[in-house]
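Listing of work_16.cif; format and content: mmCIF, C-alpha atoms and all ligand atoms.
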```
data_upload
loop_
_atom_site.label_atom_id
_atom_site.label_comp_id
_atom_site.auth_asym_id
_atom_site.auth_seq_id
_atom_site.Cartn_x
_atom_site.Cartn_y
_atom_site.Cartn_z
CA MET M 148 -29.63 16.98 -20.72
CA PHE M 149 -26.19 16.97 -19.09
CA LYS M 150 -24.92 20.40 -18.05
CA ILE M 151 -21.24 21.36 -18.21
CA VAL M 152 -20.49 22.97 -14.84
CA LYS M 153 -16.79 23.60 -15.44
CA LYS M 154 -14.53 23.77 -18.47
CA GLU M 155 -10.82 24.46 -18.77
CA MET M 156 -8.29 24.08 -21.58
CA MET M 157 -5.38 22.04 -20.18
CA THR M 158 -3.38 22.60 -23.39
CA PRO M 159 -4.48 24.33 -26.63
CA THR M 160 -6.01 21.02 -27.80
CA ILE M 161 -6.98 19.18 -24.60
CA CYS M 162 -10.01 20.27 -22.61
CA ARG M 163 -11.27 19.10 -19.21
CA MET M 164 -14.98 19.31 -18.42
CA VAL M 165 -16.95 18.59 -15.26
CA VAL M 166 -20.42 17.43 -16.30
CA GLU M 167 -23.58 16.95 -14.24
CA ALA M 168 -24.54 13.27 -14.46
CA PRO M 169 -25.70 12.22 -10.96
CA ARG M 170 -26.72 8.61 -11.68
CA LEU M 171 -23.51 7.93 -13.57
CA ALA M 172 -21.37 9.56 -10.86
CA ALA M 173 -23.07 7.46 -8.16
CA SER M 174 -22.07 4.16 -9.75
CA ALA M 175 -18.81 4.91 -11.63
CA LEU M 176 -15.63 3.04 -10.68
CA PRO M 177 -12.01 3.40 -11.86
CA GLY M 178 -11.38 1.88 -15.29
CA GLN M 179 -14.85 2.50 -16.71
CA PHE M 180 -15.85 4.75 -19.59
CA LEU M 181 -18.85 6.65 -20.90
CA ILE M 182 -20.26 7.51 -24.32
CA ILE M 183 -21.15 11.07 -25.11
CA ARG M 184 -23.31 12.60 -27.85
CA ALA M 185 -22.94 16.36 -27.99
CA ASP M 186 -26.34 16.83 -29.64
CA GLU M 187 -28.99 14.52 -31.13
CA GLN M 188 -27.24 14.38 -34.52
CA SER M 189 -23.72 13.93 -33.17
CA GLU M 190 -21.52 10.85 -33.36
CA ARG M 191 -21.27 8.70 -30.23
CA ILE M 192 -17.82 9.24 -28.71
CA PRO M 193 -16.38 6.88 -26.04
CA LEU M 194 -14.32 8.67 -23.38
CA THR M 195 -12.63 7.27 -20.30
CA ILE M 196 -13.87 8.69 -17.00
CA SER M 197 -11.17 10.93 -15.51
CA ASP M 198 -12.86 11.48 -12.17
CA PHE M 199 -16.25 11.18 -10.51
CA ASP M 200 -17.86 12.76 -7.47
CA ALA M 201 -20.96 10.93 -6.26
CA GLU M 202 -21.79 13.68 -3.74
CA ALA M 203 -21.64 16.50 -6.28
CA GLY M 204 -23.25 14.27 -8.94
CA THR M 205 -20.55 15.05 -11.51
CA VAL M 206 -18.10 13.24 -13.77
CA THR M 207 -14.93 14.64 -15.30
CA ILE M 208 -13.97 14.01 -18.91
CA VAL M 209 -10.83 14.99 -20.76
CA THR M 210 -11.07 15.32 -24.54
CA GLN M 211 -8.37 15.93 -27.11
CA LYS M 212 -9.41 17.67 -30.33
CA ILE M 213 -8.38 15.09 -32.92
CA GLY M 214 -11.36 15.03 -35.28
CA ALA M 215 -14.74 16.59 -36.03
CA SER M 216 -16.60 15.08 -33.08
CA THR M 217 -13.97 15.66 -30.41
CA SER M 218 -13.62 19.27 -31.66
CA GLU M 219 -17.40 19.63 -31.36
CA ILE M 220 -17.31 18.39 -27.73
CA CYS M 221 -14.48 20.83 -26.92
CA SER M 222 -16.44 23.73 -28.48
CA TYR M 223 -19.11 23.48 -25.75
CA ASN M 224 -18.80 25.88 -22.84
CA GLU M 225 -19.77 26.10 -19.17
CA GLY M 226 -23.56 26.23 -18.92
CA ASP M 227 -24.10 24.32 -22.21
CA CYS M 228 -25.63 20.85 -22.12
CA PHE M 229 -24.74 17.60 -23.88
CA ALA M 230 -27.68 15.62 -25.29
CA ASP M 231 -26.50 12.23 -23.97
CA VAL M 232 -23.93 10.99 -21.50
CA VAL M 233 -24.31 7.22 -21.11
CA GLY M 234 -22.45 5.11 -18.57
CA PRO M 235 -20.66 3.89 -16.64
CA LEU M 236 -19.78 1.36 -19.35
CA GLY M 237 -17.29 -1.50 -19.37
CA ASN M 238 -15.80 -3.27 -16.39
CA PRO M 239 -14.04 -1.53 -13.55
CA SER M 240 -10.33 -2.25 -12.99
CA ASP M 241 -9.71 -5.68 -11.39
CA PHE M 242 -8.24 -4.13 -8.25
CA VAL M 243 -11.60 -2.69 -7.12
CA THR M 244 -12.54 -6.18 -5.94
CA MET M 245 -9.30 -6.69 -3.96
CA SER M 246 -9.25 -6.24 -0.19
CA ASP M 247 -7.25 -3.46 1.47
CA GLU M 248 -5.02 -6.21 2.91
CA GLU M 249 -4.20 -7.57 -0.55
CA LEU M 250 -3.59 -4.11 -1.97
CA SER M 251 -1.39 -2.86 0.86
CA GLY M 252 1.23 -5.45 -0.10
CA LYS M 253 1.31 -4.45 -3.77
CA ALA M 254 3.51 -2.02 -5.70
CA TYR M 255 2.04 -0.64 -8.93
CA VAL M 256 3.64 1.36 -11.71
CA PHE M 257 1.37 3.30 -14.06
CA ILE M 258 2.64 4.18 -17.51
CA ALA M 259 0.55 7.12 -18.73
CA GLY M 260 0.93 8.47 -22.27
CA GLY M 261 -0.28 11.92 -23.33
CA VAL M 262 -4.02 12.38 -22.93
CA GLY M 263 -4.19 8.79 -21.60
CA THR M 264 -2.87 10.28 -18.34
CA ALA M 265 -6.38 11.49 -17.43
CA PRO M 266 -7.99 8.05 -16.83
CA VAL M 267 -4.92 6.97 -14.83
CA TYR M 268 -5.74 9.55 -12.14
CA PRO M 269 -8.86 7.88 -10.57
CA GLN M 270 -7.05 4.53 -10.53
CA VAL M 271 -4.01 5.92 -8.71
CA LYS M 272 -6.23 7.79 -6.25
CA TRP M 273 -8.23 4.62 -5.47
CA LEU M 274 -5.15 2.42 -5.03
CA ARG M 275 -3.36 4.84 -2.73
CA GLU M 276 -6.50 5.22 -0.59
CA LYS M 277 -6.52 1.41 -0.22
CA GLY M 278 -2.86 1.31 0.86
CA ALA M 279 -1.06 0.19 -2.34
CA LYS M 280 2.27 1.74 -3.32
CA VAL M 281 1.91 3.57 -6.63
CA ASP M 282 4.54 5.12 -8.87
CA VAL M 283 3.47 6.95 -12.03
CA ILE M 284 5.36 7.65 -15.26
CA ILE M 285 3.85 10.38 -17.45
CA GLY M 286 5.12 10.70 -21.00
CA ALA M 287 4.34 13.54 -23.39
CA LYS M 288 5.79 14.93 -26.62
CA THR M 289 6.89 18.16 -24.92
CA LYS M 290 6.73 19.83 -21.50
CA ASP M 291 3.64 21.89 -22.47
CA LEU M 292 1.64 18.74 -23.20
CA ILE M 293 2.09 17.17 -19.75
CA ILE M 294 -1.30 17.05 -18.03
CA TYR M 295 -2.35 16.08 -14.47
CA ARG M 296 1.11 16.80 -13.04
CA GLU M 297 -0.04 18.45 -9.78
CA GLU M 298 -3.08 16.20 -9.35
CA MET M 299 -0.96 13.09 -9.77
CA GLU M 300 1.81 14.37 -7.47
CA ALA M 301 -0.83 14.75 -4.75
CA VAL M 302 -1.97 11.12 -4.92
CA CYS M 303 1.02 8.93 -5.93
CA ASP M 304 4.23 7.87 -4.15
CA ASN M 305 6.64 8.93 -6.90
CA LEU M 306 5.95 10.78 -10.13
CA TYR M 307 8.40 10.44 -13.02
CA LEU M 308 8.10 12.65 -16.08
CA CYS M 309 9.53 12.12 -19.53
CA THR M 310 9.29 13.99 -22.80
CA ASP M 311 10.12 12.98 -26.35
CA ASP M 312 12.11 16.21 -26.86
CA GLY M 313 13.78 16.31 -23.44
CA SER M 314 12.11 19.61 -22.44
CA GLU M 315 11.11 18.11 -19.05
CA GLY M 316 12.33 15.11 -17.05
CA PHE M 317 13.83 12.02 -18.68
CA HIS M 318 14.67 12.57 -22.37
CA GLY M 319 12.91 9.71 -24.16
CA LEU M 320 9.85 7.50 -24.22
CA VAL M 321 7.94 6.01 -21.28
CA THR M 322 9.41 2.60 -22.12
CA GLY M 323 12.99 3.86 -21.73
CA LEU M 324 12.17 5.43 -18.37
CA LEU M 325 10.42 2.28 -17.09
CA GLU M 326 13.41 0.16 -18.06
CA LYS M 327 15.78 2.59 -16.35
CA LEU M 328 13.73 2.63 -13.13
CA VAL M 329 13.70 -1.17 -12.90
CA THR M 330 17.14 -2.13 -14.21
CA GLU M 331 19.29 0.83 -13.04
CA ASP M 332 17.43 2.36 -10.07
CA GLY M 333 16.36 -0.98 -8.56
CA LYS M 334 12.62 -0.24 -8.45
CA GLN M 335 10.46 -3.32 -7.93
CA TYR M 336 6.83 -3.60 -8.96
CA ASN M 337 4.20 -6.37 -8.83
CA GLN M 338 1.94 -4.87 -11.49
CA ALA M 339 2.15 -2.35 -14.33
CA VAL M 340 -0.80 -0.54 -15.93
CA ALA M 341 -0.32 1.19 -19.30
CA ILE M 342 -2.87 3.68 -20.66
CA GLY M 343 -2.24 5.87 -23.70
CA PRO M 344 -1.96 5.58 -27.48
CA MET M 345 -2.19 1.97 -28.76
CA ILE M 346 1.40 2.07 -30.05
CA MET M 347 2.62 3.09 -26.58
CA MET M 348 0.64 0.27 -24.95
CA LYS M 349 2.15 -2.20 -27.43
CA PHE M 350 5.73 -1.15 -26.66
CA ALA M 351 5.07 -0.75 -22.92
CA THR M 352 3.83 -4.36 -22.95
CA LEU M 353 6.97 -5.55 -24.78
CA THR M 354 9.13 -3.75 -22.20
CA CYS M 355 7.13 -5.25 -19.33
CA LYS M 356 7.52 -8.72 -20.85
CA LYS M 357 11.27 -8.18 -20.99
CA LEU M 358 11.20 -7.14 -17.31
CA ASN M 359 8.88 -10.07 -16.45
CA LEU M 360 6.28 -7.61 -15.18
CA PRO M 361 2.53 -8.26 -15.65
CA VAL M 362 0.79 -5.36 -17.36
CA ILE M 363 -2.84 -4.31 -17.76
CA VAL M 364 -3.76 -2.12 -20.75
CA SER M 365 -6.93 -0.10 -21.41
CA LEU M 366 -7.92 -0.56 -25.05
CA ASN M 367 -9.31 2.52 -26.77
CA THR M 368 -10.79 0.64 -29.72
CA LEU M 369 -13.38 1.90 -32.18
CA MET M 370 -16.76 1.78 -30.46
CA VAL M 371 -20.32 2.36 -31.69
CA ASP M 372 -23.01 1.14 -29.31
CA GLY M 373 -20.76 0.34 -26.34
CA THR M 374 -23.09 -2.46 -25.25
CA GLY M 375 -21.74 -5.56 -27.04
CA MET M 376 -24.14 -5.48 -30.01
CA CYS M 377 -22.23 -4.10 -33.03
CA GLY M 378 -18.81 -5.76 -32.86
CA ALA M 379 -16.92 -2.54 -33.73
CA CYS M 380 -14.69 -2.88 -30.68
CA ARG M 381 -13.57 -6.45 -31.23
CA VAL M 382 -9.99 -7.35 -30.36
CA THR M 383 -8.06 -10.58 -30.10
CA VAL M 384 -6.85 -11.39 -26.60
CA GLY M 385 -5.18 -14.72 -25.86
CA GLY M 386 -6.22 -15.95 -29.32
CA LYS M 387 -9.92 -15.30 -28.64
CA VAL M 388 -12.22 -12.57 -29.96
CA ARG M 389 -13.25 -10.22 -27.17
CA PHE M 390 -15.47 -7.12 -27.20
CA ALA M 391 -13.62 -4.28 -25.49
CA CYS M 392 -16.81 -2.43 -24.52
CA VAL M 393 -18.34 -5.20 -22.43
CA GLU M 394 -15.41 -7.54 -21.70
CA GLY M 395 -12.84 -4.74 -21.29
CA PRO M 396 -11.71 -2.07 -21.73
CA GLU M 397 -8.87 -3.44 -19.58
CA PHE M 398 -7.05 -6.63 -20.60
CA ASP M 399 -3.86 -8.49 -19.82
CA GLY M 400 -1.37 -6.71 -22.12
CA TRP M 401 0.73 -9.84 -22.66
CA GLN M 402 -2.28 -11.48 -24.36
CA VAL M 403 -3.39 -8.62 -26.66
CA ASP M 404 -2.85 -8.71 -30.44
CA PHE M 405 -1.84 -5.05 -30.72
CA ASP M 406 -1.02 -5.15 -34.45
CA GLU M 407 -4.55 -6.25 -35.29
CA ALA M 408 -6.01 -3.69 -32.83
CA MET M 409 -4.01 -0.90 -34.51
CA ARG M 410 -5.09 -2.01 -37.99
CA ARG M 411 -8.75 -1.93 -36.91
CA GLN M 412 -8.27 1.48 -35.24
CA ARG M 413 -7.08 2.91 -38.57
CA MET M 414 -10.04 1.51 -40.59
CA TYR M 415 -11.95 4.79 -40.79
CA ASN M 416 -8.99 7.21 -41.01
CA THR M 417 -10.04 8.50 -44.46
CA GLU M 418 -13.66 9.10 -43.42
CA GLU M 419 -12.53 10.79 -40.18
CA LYS M 420 -10.18 13.08 -42.07
CA GLU M 421 -12.95 14.05 -44.49
CA ALA M 422 -15.38 14.68 -41.61
CA ALA M 423 -12.82 16.89 -39.86
CA GLU M 424 -12.22 18.90 -43.05
CA HIS M 425 -15.92 19.42 -43.86
CA HIS M 426 -17.40 19.62 -40.40
CA VAL M 427 -19.53 22.67 -39.66
CA CYS M 428 -20.53 22.78 -36.02
CA ARG M 429 -24.32 22.78 -35.62
CA ILE M 430 -24.25 25.13 -32.67
CA GLY M 431 -22.24 27.67 -34.61
CA ARG M 432 -19.10 27.60 -32.51
CA GLY M 433 -16.80 26.85 -35.46
CA LYS M 434 -14.85 23.68 -36.18
P1 LIG M 501 1.59 10.89 -27.67
O1 LIG M 501 1.61 10.40 -29.07
O2 LIG M 501 2.08 12.23 -27.36
O3 LIG M 501 2.35 9.79 -26.78
C1 LIG M 501 2.44 9.92 -25.38
C2 LIG M 501 3.67 9.21 -24.92
O4 LIG M 501 3.57 7.83 -25.22
C3 LIG M 501 4.96 9.66 -25.60
O5 LIG M 501 5.46 10.83 -25.01
C4 LIG M 501 5.85 8.46 -25.37
O6 LIG M 501 6.49 8.48 -24.12
C5 LIG M 501 4.86 7.31 -25.41
N1 LIG M 501 4.95 6.65 -26.71
C6 LIG M 501 4.39 7.05 -27.89
N2 LIG M 501 4.77 6.20 -28.89
C7 LIG M 501 5.58 5.26 -28.30
C8 LIG M 501 6.28 4.14 -28.80
N3 LIG M 501 6.24 3.79 -30.08
N4 LIG M 501 7.02 3.41 -27.92
C9 LIG M 501 7.07 3.75 -26.61
N5 LIG M 501 6.42 4.80 -26.08
C10 LIG M 501 5.70 5.55 -26.92
O7 LIG M 501 0.16 10.77 -27.04
P2 LIG M 501 -1.12 11.63 -27.35
O8 LIG M 501 -1.00 12.32 -28.67
O9 LIG M 501 -1.55 12.41 -26.19
O10 LIG M 501 -2.08 10.36 -27.50
C11 LIG M 501 -3.33 10.44 -27.76
C12 LIG M 501 -3.84 9.01 -27.93
O11 LIG M 501 -4.14 8.42 -26.66
C13 LIG M 501 -5.09 9.02 -28.74
O12 LIG M 501 -4.93 8.08 -29.77
C14 LIG M 501 -6.14 8.58 -27.75
O13 LIG M 501 -7.14 7.84 -28.37
C15 LIG M 501 -5.35 7.74 -26.78
N6 LIG M 501 -6.03 7.57 -25.48
C16 LIG M 501 -6.09 6.33 -25.00
C17 LIG M 501 -6.79 6.11 -23.83
C18 LIG M 501 -6.91 4.72 -23.35
O14 LIG M 501 -7.80 4.44 -22.57
N7 LIG M 501 -6.03 3.83 -23.77
C19 LIG M 501 -7.37 7.15 -23.13
C20 LIG M 501 -7.25 8.44 -23.63
C21 LIG M 501 -6.57 8.63 -24.82
FE1 LIG M 502 -20.33 -2.30 -30.27
FE2 LIG M 502 -18.51 -2.99 -28.48
S1 LIG M 502 -18.87 -1.03 -29.31
S2 LIG M 502 -19.87 -4.29 -29.51
#
```

Can the structure from this file be put into structure tokens for me?
Ligand code: NAD
Ligand code: FES
Amino acid sequence: MFKIVKKEMMTPTICRMVVEAPRLAASALPGQFLIIRADEQSERIPLTISDFDAEAGTVTIVTQKIGASTSEICSYNEGDCFADVVGPLGNPSDFVTMSDEELSGKAYVFIAGGVGTAPVYPQVKWLREKGAKVDVIIGAKTKDLIIYREEMEAVCDNLYLCTDDGSEGFHGLVTGLLEKLVTEDGKQYNQAVAIGPMIMMKFATLTCKKLNLPVIVSLNTLMVDGTGMCGACRVTVGGKVRFACVEGPEFDGWQVDFDEAMRRQRMYNTEEKEAAEHHVCRIGRGK
């Protein structure tokens, strides 16, 4: 069993939990994910790892209530235990194999969208510790939905905020702010990393292409087993079928067929909606 040692609501629908998982915490690296099952009957939910502490034996996960299973995860409290937390899964980010010398000459820009900001944090922390220059753009619908602001400020070189409604920072989407930074403010980057909703990663990639900037994306595809057996997570990258769980989740954005990935992501929308409407939580904490 995996005990929740800390829980906080970051917004009314996004919760952050620190979970005891010593073996996972000892081997996790930036870019990897885990699969969680709240109880023995629950659906398997893939979540990116938002932080890990090998010494404390804990991992941090950030979950947004968007359906029955994510609402179930968020209904658990400090002291409760999850039945399964499996990981680390997937490949770490490419930069973990680069030397400090290579990284100290590089300038990264992270494009973080909404709840996708959480998995950006361990990557930025790692890169800064290794001497890379790292700017971060966080985009959210409104000011109240910006997460990881203070944490990110503490680990990056420059933090830029934007909101769809203009309530904080640049008024517009992450793509507009990235373009402004490069074309008007003269910022220069060697590498972009975009993590957030699939539609954001698609348009961030198109903007990066326009700016001639390589971009890595972290694909949050449908996943079932997370070990390369079921094919649920398949995506087309560079014209070839790839399994995001074992060959990703990070890929070269320029090569990803985002339209196909979004079509596959929507495959079970009806079933998910029905599950959310009819779900009765087995531990009696409501929907
Ligand atoms: P959101 O819809 O509020 O979008 C966040 C930001 O992305 C927006 O503020 C905007 O700046 C940008 N964006 C959105 N649509 C865009 C477009 N068409 N063009 C350019 N920029 C655009 O985000 P949310 O509701 O917090 O997103 C939740 C989604 O993030 C879920 O679908 C979740 O699965 C996904 N997610 C992905 C990962 C990952 O690893 N890729 C990790 C966690 C969550
Ligand atoms: Fe089953 Fe990737 S989730 S093959």

Review point. From the set M:Glu394, M:Glu315, M:Glu407, M:Asp291, which residue has the shortest atom-to-atom contact distance to ligand LIG 502 (chain M), counting only C-alpha atoms and all ligand atoms?
Key: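 The answer is M:Glu394, which sits nearest to ligand LIG 502 (chain M).
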
Selection as an mmCIF file with C-alpha atoms, in the coordinates of the input: residues within 9 Å of ligand LIG 501 (chain M) by all atoms listed in the file:
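File pocket_6.cif, as written:
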```
data_model
loop_
_atom_site.group_PDB
_atom_site.id
_atom_site.type_symbol
_atom_site.label_atom_id
_atom_site.label_comp_id
_atom_site.auth_asym_id
_atom_site.auth_seq_id
_atom_site.Cartn_x
_atom_site.Cartn_y
_atom_site.Cartn_z
ATOM 1 C CA ILE M 161 -6.980 19.180 -24.600
ATOM 2 C CA GLY M 178 -11.380 1.880 -15.290
ATOM 3 C CA PHE M 180 -15.850 4.750 -19.590
ATOM 4 C CA LEU M 194 -14.320 8.670 -23.380
ATOM 5 C CA THR M 195 -12.630 7.270 -20.300
ATOM 6 C CA VAL M 209 -10.830 14.990 -20.760
ATOM 7 C CA THR M 210 -11.070 15.320 -24.540
ATOM 8 C CA GLN M 211 -8.370 15.930 -27.110
ATOM 9 C CA ILE M 213 -8.380 15.090 -32.920
ATOM 10 C CA ILE M 258 2.640 4.180 -17.510
ATOM 11 C CA ALA M 259 0.550 7.120 -18.730
ATOM 12 C CA GLY M 260 0.930 8.470 -22.270
ATOM 13 C CA GLY M 261 -0.280 11.920 -23.330
ATOM 14 C CA VAL M 262 -4.020 12.380 -22.930
ATOM 15 C CA GLY M 263 -4.190 8.790 -21.600
ATOM 16 C CA THR M 264 -2.870 10.280 -18.340
ATOM 17 C CA ALA M 265 -6.380 11.490 -17.430
ATOM 18 C CA PRO M 266 -7.990 8.050 -16.830
ATOM 19 C CA VAL M 267 -4.920 6.970 -14.830
ATOM 20 C CA ILE M 284 5.360 7.650 -15.260
ATOM 21 C CA ILE M 285 3.850 10.380 -17.450
ATOM 22 C CA GLY M 286 5.120 10.700 -21.000
ATOM 23 C CA ALA M 287 4.340 13.540 -23.390
ATOM 24 C CA LYS M 288 5.790 14.930 -26.620
ATOM 25 C CA THR M 289 6.890 18.160 -24.920
ATOM 26 C CA LEU M 292 1.640 18.740 -23.200
ATOM 27 C CA ILE M 293 2.090 17.170 -19.750
ATOM 28 C CA CYS M 309 9.530 12.120 -19.530
ATOM 29 C CA THR M 310 9.290 13.990 -22.800
ATOM 30 C CA ASP M 311 10.120 12.980 -26.350
ATOM 31 C CA ASP M 312 12.110 16.210 -26.860
ATOM 32 C CA GLY M 319 12.910 9.710 -24.160
ATOM 33 C CA LEU M 320 9.850 7.500 -24.220
ATOM 34 C CA VAL M 321 7.940 6.010 -21.280
ATOM 35 C CA THR M 322 9.410 2.600 -22.120
ATOM 36 C CA GLY M 323 12.990 3.860 -21.730
ATOM 37 C CA LEU M 324 12.170 5.430 -18.370
ATOM 38 C CA ALA M 341 -0.320 1.190 -19.300
ATOM 39 C CA ILE M 342 -2.870 3.680 -20.660
ATOM 40 C CA GLY M 343 -2.240 5.870 -23.700
ATOM 41 C CA PRO M 344 -1.960 5.580 -27.480
ATOM 42 C CA MET M 345 -2.190 1.970 -28.760
ATOM 43 C CA ILE M 346 1.400 2.070 -30.050
ATOM 44 C CA MET M 347 2.620 3.090 -26.580
ATOM 45 C CA MET M 348 0.640 0.270 -24.950
ATOM 46 C CA LYS M 349 2.150 -2.200 -27.430
ATOM 47 C CA PHE M 350 5.730 -1.150 -26.660
ATOM 48 C CA ALA M 351 5.070 -0.750 -22.920
ATOM 49 C CA THR M 354 9.130 -3.750 -22.200
ATOM 50 C CA VAL M 364 -3.760 -2.120 -20.750
ATOM 51 C CA SER M 365 -6.930 -0.100 -21.410
ATOM 52 C CA LEU M 366 -7.920 -0.560 -25.050
ATOM 53 C CA ASN M 367 -9.310 2.520 -26.770
ATOM 54 C CA THR M 368 -10.790 0.640 -29.720
ATOM 55 C CA PRO M 396 -11.710 -2.070 -21.730
ATOM 56 C CA GLU M 397 -8.870 -3.440 -19.580
#
```

Using all atoms of ligand LIG 502 (chain M) that appear in the file, construct an axis-aligned enclosing box with 3 Å of padding on every side and provide its centre coordinates and edge lengths in Å, rounded to one decimal, as lines of an AutoDock Vina configuration file.
```
center_x = -19.4
center_y = -2.7
center_z = -29.4
size_x = 7.8
size_y = 9.3
size_z = 7.8
```

Check your understanding: Quick one, how far is CA of Gly378 in chain M from CA of Phe390 in chain M?
Key ->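 Interatomic distance, CA of Gly378 in chain M to CA of Phe390 in chain M: 6.7 Å.
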
Write out as JSON lines the residues of chain M that have any atom within 8 Å of an atom of ligand LIG 502 (chain M), one row each with the nearest atom pair and its distance in Å to one decimal, counting all atoms listed in the file, sorted by chain and then rising number.
```
{"residue": "M:Leu369", "atom": "CA", "partner": "M:LIG502", "partner_atom": "S1", "distance": 6.9}
{"residue": "M:Met370", "atom": "CA", "partner": "M:LIG502", "partner_atom": "S1", "distance": 3.7}
{"residue": "M:Val371", "atom": "CA", "partner": "M:LIG502", "partner_atom": "S1", "distance": 4.4}
{"residue": "M:Asp372", "atom": "CA", "partner": "M:LIG502", "partner_atom": "FE1", "distance": 4.5}
{"residue": "M:Gly373", "atom": "CA", "partner": "M:LIG502", "partner_atom": "S1", "distance": 3.8}
{"residue": "M:Thr374", "atom": "CA", "partner": "M:LIG502", "partner_atom": "FE2", "distance": 5.6}
{"residue": "M:Gly375", "atom": "CA", "partner": "M:LIG502", "partner_atom": "S2", "distance": 3.3}
{"residue": "M:Met376", "atom": "CA", "partner": "M:LIG502", "partner_atom": "S2", "distance": 4.5}
{"residue": "M:Cys377", "atom": "CA", "partner": "M:LIG502", "partner_atom": "FE1", "distance": 3.8}
{"residue": "M:Gly378", "atom": "CA", "partner": "M:LIG502", "partner_atom": "S2", "distance": 3.8}
{"residue": "M:Ala379", "atom": "CA", "partner": "M:LIG502", "partner_atom": "FE1", "distance": 4.9}
{"residue": "M:Cys380", "atom": "CA", "partner": "M:LIG502", "partner_atom": "FE2", "distance": 4.4}
{"residue": "M:Arg381", "atom": "CA", "partner": "M:LIG502", "partner_atom": "FE2", "distance": 6.6}
{"residue": "M:Phe390", "atom": "CA", "partner": "M:LIG502", "partner_atom": "FE2", "distance": 5.3}
{"residue": "M:Ala391", "atom": "CA", "partner": "M:LIG502", "partner_atom": "FE2", "distance": 5.9}
{"residue": "M:Cys392", "atom": "CA", "partner": "M:LIG502", "partner_atom": "FE2", "distance": 4.3}
{"residue": "M:Val393", "atom": "CA", "partner": "M:LIG502", "partner_atom": "FE2", "distance": 6.4}
```
